[in-house]
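Visitor: Please find one structure pasted underneath; my questions will follow.
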Amino acid sequence: MQIKQMIMLILSLIFLDVTSFASDLKDKMSFGINTYNDNADVQVYSPTFALYKKLGSQWLLGVKMRIDAVTAASIKNGSDATHVDAVTAASSKESIADDIRYAPTAMLTYDDGDNTLTFGAYYSTEADYIGKAVFVNYVKQLNEQNTAVGIGFSQSFDKWEPVFARELPKDNRDETKIDFSINQLITPEFSMQAVYSYMYSAGFLSSPYHFTLQDNIAKYENYPDTRTGHAFALKGVSLLSKDNAMNFSYRYYMDDWDIKSHTANVEFLHDISHNITSGLRLRYYTQTASNFVKPVGSYTLNDKYYAIDYRMSAFDSYTIGIPFIYRMKGGDKLTASIDYYKTSSNAYLKNWYNVDSLQSVFTTLTYEFDY
Amino acid sequence: MYKILMIVSLIFFSGCSEKLVRVMPYEKEYFAQDKMSLSPVADRAEQEGHVFLIREASAGGESAFQGGCGCR
């Protein structure tokens with residue numbers, strides 16, 4: 001408790017206390033730790049911090065910080081182990097060198113009850129990659145707040161800086177994303193949401209590190225330098241009984257690389273007591289292969305595109321997880337989750353990581369409170 | 001796409017929208033509960049959004065921003 005009071009004192013010194021009136025906006029803070037571990041020797045520990053401070057009755061300033069500490073990763077395909085893991089950008093296990101990614105986000109929100117407008121900027125830096133992005137999101141409440149219509153836009157201006165000398169054909173990766181969403185309350189126990197996302201990427205879209213040996217010549221991955229994707233999602237949440245609820249979602253994705261996917265997610269939540277909620281979630285994902293990936297070992301030197309990343313191939317994945325919510329006195333909240341993720345067997349995973357399927361466990365633990 | 005947006009706009013901004021007032025303010029108590037959220041554990045939504053983004057080739061369908069990283 002003393003720590004909390006000390007943090008509040010520091011905050012009051014940092015921010016001028018602007019008197020606020022009736023509003024849903026709150027001064028809020030959270031601390032968390034997220035983890036990710038998989039059987040390809042990738043381990044990521046991510047402390048998170050978020051701070052939201054009201055600036056008047058209708059403005060909210062938010063600052064978020066995420067640090068990804070990659071403690072180990074390795075390439076297990078018998079290739080050059082001094083190369084960096086293409087997925088995590090961490091050095092191989094042989095060199096036991098950590099990579100740390102810092103990812104701060106700042107945002108400013110205007111909310112008058114019927115209109116919510118958020119501007120933000122994002123920056124991240126890691127050993128071989130710099131991410132920069134701006135985003136804006138607008139939500140309009142309609143029909144006595146039974147309907148919410150939203151539009152979001154984000155633009156990133158990322159840059160590759162490979163850790164070993166390799167001149168990329170392009171070093172940028174720019175991504176545009178536009179989202180349209182509609183939320184509708186159907187009954188006092190049931191609501192639904194529909195989302196459409198348009199995504200356009202341009203620049204160097206493959207990994208600088210993945211390569212395949214063809215006729216004793218190493219050929220780096222090479223993908224088309226643009227990609228246009230569309231995602232359609234339908235979600236719902238329903239109260240089953242006083243203590244039980246279920247949320248579900250379905251997403252269809254398609255892009256001009258001919259990757260199509262279906263994602264279904266269902267989660268059951270139960271109030272164990274008046275202040276503890278837990279349950280079970282299940283997720284299934286399946287995707288088709290891109291139109292330029294070839295079976296492992298079948299590329300020729302005349303091929304224009306090379307892909308050995310399993311994500312360009314067809315595979316399925318399954319996720320099972322447990323969420324946990326504990327509401328404390330005074331509005332403080334502790335949330336946690338643990339999920340197990342597994343892909344189907346895949347020749348590209350075997351080739352690069354020497355595993356039949358990718359299996360991972362990811363967790364979150366967050367404590368949040370109003371101040 | 002343009003026609004779809006026009007139709008949706010007409011529905012929500014015309015008199016038809018009165019039929020979309022289906023829940024009165026005093027009936028919204030359940031939607032304030034954690035278990036009635038589409039993302040009941042907000043940090044998990046952010047974490048898994050990142051995990052699925054780097055482990056699968058699909059994206060989108062979330063009205064939330066995900067920053068870029070080299071892991072993609």
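By convention here, the chains of the structure tokens are called A, B, ... in the order presented, each chain's residues are numbered starting at 1, and ligands are numbered starting at 1 in the order presented.
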Contacts of Tyr26 (chain B) at 10 Å or less, counting only C-alpha atoms, minus same-chain residues fewer than 3 places along, as an MDAnalysis selection string?
Guide: (chainID A and resid 188) or (chainID B and resid 23 29)
Visitor: Go ahead and write the selection's residues with N, CA and C atoms as a PDB file, in the first residue's frame.
Guide:
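That gives us again.pdb:
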ATOM      1  N   PRO A 188     -30.923  -7.168 -23.496  1.00  0.00           N
ATOM      2  CA  PRO A 188     -30.158  -6.837 -22.278  1.00  0.00           C
ATOM      3  C   PRO A 188     -29.113  -7.902 -21.928  1.00  0.00           C
TER       4      PRO A 188
ATOM      5  N   VAL B  23     -32.266  -1.814 -26.029  1.00  0.00           N
ATOM      6  CA  VAL B  23     -31.978  -1.985 -24.604  1.00  0.00           C
ATOM      7  C   VAL B  23     -32.027  -0.615 -23.928  1.00  0.00           C
ATOM      8  N   GLU B  29     -27.228  -3.257 -17.030  1.00  0.00           N
ATOM      9  CA  GLU B  29     -26.353  -3.612 -15.904  1.00  0.00           C
ATOM     10  C   GLU B  29     -25.422  -4.781 -16.234  1.00  0.00           C
TER      11      GLU B  29
END
Visitor: Output as JSON, numbers by chain the set of chain B residues within 9 Å of chain A, with distances taken over only C-alpha atoms.
Guide: {"B": [12, 13, 17, 18, 19, 20, 21, 22, 23, 24, 25, 27, 28, 29, 30, 31, 34, 35, 36, 37, 38, 39, 40, 41, 42, 43, 44, 47, 48, 51, 54, 55, 56, 57, 58, 59, 60, 61, 62, 63, 64, 65, 67, 68, 69, 70, 71, 72]}
Visitor: Which value, in Å to one decimal, gives the distance between CA of Asn302 (chain A) and CA of Pro169 (chain A)?
Guide: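 One can read the CA of Asn302 (chain A) to CA of Pro169 (chain A) distance as 17.7 Å.
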Visitor: Determine which residues of region 195-255 of chain A receive a DSSP assignment of strand (DSSP E), computed from the backbone, and state them as number ranges by chain.
Guide: A: 195-203, 211-214, 217-220, 226-241, 244-255
Visitor: Keeping only N, CA and C atoms, write the selected residues as a short mmCIF file (atom, residue, chain, number, x, y, z; two decimals), in the first residue's frame.
Guide:
data_model
loop_
_atom_site.label_atom_id
_atom_site.label_comp_id
_atom_site.auth_asym_id
_atom_site.auth_seq_id
_atom_site.Cartn_x
_atom_site.Cartn_y
_atom_site.Cartn_z
N VAL A 195 -16.66 -6.36 -37.56
CA VAL A 195 -15.46 -5.57 -37.87
C VAL A 195 -14.98 -5.93 -39.27
N TYR A 196 -14.62 -4.91 -40.02
CA TYR A 196 -13.94 -5.13 -41.31
C TYR A 196 -12.60 -4.41 -41.25
N SER A 197 -11.54 -5.09 -41.65
CA SER A 197 -10.21 -4.48 -41.67
C SER A 197 -9.63 -4.56 -43.07
N TYR A 198 -9.09 -3.43 -43.50
CA TYR A 198 -8.34 -3.37 -44.77
C TYR A 198 -6.88 -3.17 -44.41
N MET A 199 -5.99 -3.97 -44.97
CA MET A 199 -4.57 -3.87 -44.64
C MET A 199 -3.73 -3.85 -45.92
N TYR A 200 -2.80 -2.95 -45.97
CA TYR A 200 -1.90 -2.86 -47.12
C TYR A 200 -0.47 -2.73 -46.60
N SER A 201 0.41 -3.60 -47.07
CA SER A 201 1.81 -3.57 -46.65
C SER A 201 2.69 -3.38 -47.88
N ALA A 202 3.76 -2.62 -47.71
CA ALA A 202 4.70 -2.40 -48.81
C ALA A 202 6.11 -2.33 -48.24
N GLY A 203 7.07 -2.83 -49.01
CA GLY A 203 8.46 -2.80 -48.58
C GLY A 203 9.04 -4.20 -48.52
N PHE A 211 16.70 -18.49 -45.03
CA PHE A 211 17.25 -18.80 -46.34
C PHE A 211 17.10 -20.29 -46.61
N THR A 212 17.25 -20.66 -47.85
CA THR A 212 17.24 -22.07 -48.22
C THR A 212 18.47 -22.36 -49.07
N LEU A 213 19.00 -23.55 -48.95
CA LEU A 213 20.15 -23.94 -49.76
C LEU A 213 19.65 -24.61 -51.03
N GLN A 214 20.02 -24.05 -52.16
CA GLN A 214 19.61 -24.60 -53.44
C GLN A 214 20.85 -24.75 -54.32
N ILE A 217 23.84 -23.14 -53.05
CA ILE A 217 23.82 -21.67 -52.99
C ILE A 217 22.71 -21.26 -52.02
N ALA A 218 23.06 -20.39 -51.09
CA ALA A 218 22.05 -19.93 -50.13
C ALA A 218 21.20 -18.84 -50.78
N LYS A 219 19.92 -19.09 -50.80
CA LYS A 219 18.99 -18.08 -51.34
C LYS A 219 18.13 -17.56 -50.20
N TYR A 220 18.22 -16.29 -49.96
CA TYR A 220 17.41 -15.68 -48.91
C TYR A 220 15.94 -15.65 -49.32
N THR A 226 4.53 -6.06 -52.03
CA THR A 226 3.28 -5.46 -51.56
C THR A 226 2.32 -6.59 -51.17
N ARG A 227 1.41 -6.27 -50.31
CA ARG A 227 0.41 -7.25 -49.86
C ARG A 227 -0.85 -6.50 -49.43
N THR A 228 -1.98 -6.96 -49.94
CA THR A 228 -3.26 -6.35 -49.57
C THR A 228 -4.13 -7.42 -48.92
N GLY A 229 -4.61 -7.15 -47.74
CA GLY A 229 -5.42 -8.13 -47.01
C GLY A 229 -6.74 -7.55 -46.56
N HIS A 230 -7.71 -8.43 -46.37
CA HIS A 230 -9.03 -8.05 -45.88
C HIS A 230 -9.43 -9.04 -44.78
N ALA A 231 -9.99 -8.53 -43.71
CA ALA A 231 -10.48 -9.41 -42.63
C ALA A 231 -11.90 -9.00 -42.27
N PHE A 232 -12.74 -9.99 -42.10
CA PHE A 232 -14.13 -9.77 -41.68
C PHE A 232 -14.35 -10.56 -40.39
N ALA A 233 -14.81 -9.89 -39.37
CA ALA A 233 -14.99 -10.59 -38.09
C ALA A 233 -16.37 -10.33 -37.53
N LEU A 234 -16.94 -11.35 -36.92
CA LEU A 234 -18.23 -11.24 -36.26
C LEU A 234 -18.06 -11.77 -34.84
N LYS A 235 -18.46 -10.98 -33.87
CA LYS A 235 -18.26 -11.37 -32.47
C LYS A 235 -19.56 -11.18 -31.69
N GLY A 236 -19.67 -11.90 -30.61
CA GLY A 236 -20.85 -11.75 -29.77
C GLY A 236 -20.56 -12.14 -28.34
N VAL A 237 -21.35 -11.62 -27.44
CA VAL A 237 -21.25 -12.02 -26.04
C VAL A 237 -22.66 -12.17 -25.50
N SER A 238 -22.88 -13.26 -24.77
CA SER A 238 -24.22 -13.59 -24.32
C SER A 238 -24.21 -14.01 -22.86
N LEU A 239 -25.17 -13.50 -22.12
CA LEU A 239 -25.34 -13.94 -20.73
C LEU A 239 -26.15 -15.23 -20.74
N LEU A 240 -25.57 -16.30 -20.23
CA LEU A 240 -26.26 -17.58 -20.22
C LEU A 240 -27.15 -17.72 -19.00
N SER A 241 -26.64 -17.24 -17.88
CA SER A 241 -27.41 -17.22 -16.64
C SER A 241 -26.78 -16.12 -15.78
N ASN A 244 -23.07 -16.94 -15.52
CA ASN A 244 -22.34 -17.51 -16.66
C ASN A 244 -22.54 -16.68 -17.92
N ALA A 245 -21.45 -16.52 -18.65
CA ALA A 245 -21.53 -15.80 -19.92
C ALA A 245 -20.61 -16.48 -20.92
N MET A 246 -20.87 -16.23 -22.19
CA MET A 246 -20.05 -16.82 -23.24
C MET A 246 -19.81 -15.77 -24.32
N ASN A 247 -18.56 -15.66 -24.74
CA ASN A 247 -18.30 -14.81 -25.91
C ASN A 247 -17.73 -15.67 -27.02
N PHE A 248 -17.97 -15.27 -28.24
CA PHE A 248 -17.52 -16.04 -29.40
C PHE A 248 -17.13 -15.09 -30.52
N SER A 249 -16.30 -15.56 -31.40
CA SER A 249 -15.93 -14.75 -32.55
C SER A 249 -15.54 -15.65 -33.72
N TYR A 250 -15.75 -15.11 -34.90
CA TYR A 250 -15.32 -15.79 -36.12
C TYR A 250 -14.69 -14.73 -37.02
N ARG A 251 -13.55 -15.07 -37.62
CA ARG A 251 -12.89 -14.14 -38.55
C ARG A 251 -12.53 -14.87 -39.84
N TYR A 252 -12.80 -14.21 -40.93
CA TYR A 252 -12.35 -14.70 -42.24
C TYR A 252 -11.34 -13.72 -42.78
N TYR A 253 -10.19 -14.25 -43.22
CA TYR A 253 -9.13 -13.39 -43.74
C TYR A 253 -8.77 -13.84 -45.15
N MET A 254 -8.44 -12.89 -46.01
CA MET A 254 -7.98 -13.21 -47.36
C MET A 254 -7.01 -12.13 -47.81
N ASP A 255 -6.04 -12.52 -48.63
CA ASP A 255 -5.13 -11.50 -49.18
C ASP A 255 -4.71 -11.86 -50.60
#
Visitor: One number please: CA of Asp171 (chain A) to CA of Asp303 (chain A), in Å, one decimal.
Guide: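 Value for the CA of Asp171 (chain A)-CA of Asp303 (chain A) distance: 21.8 Å.
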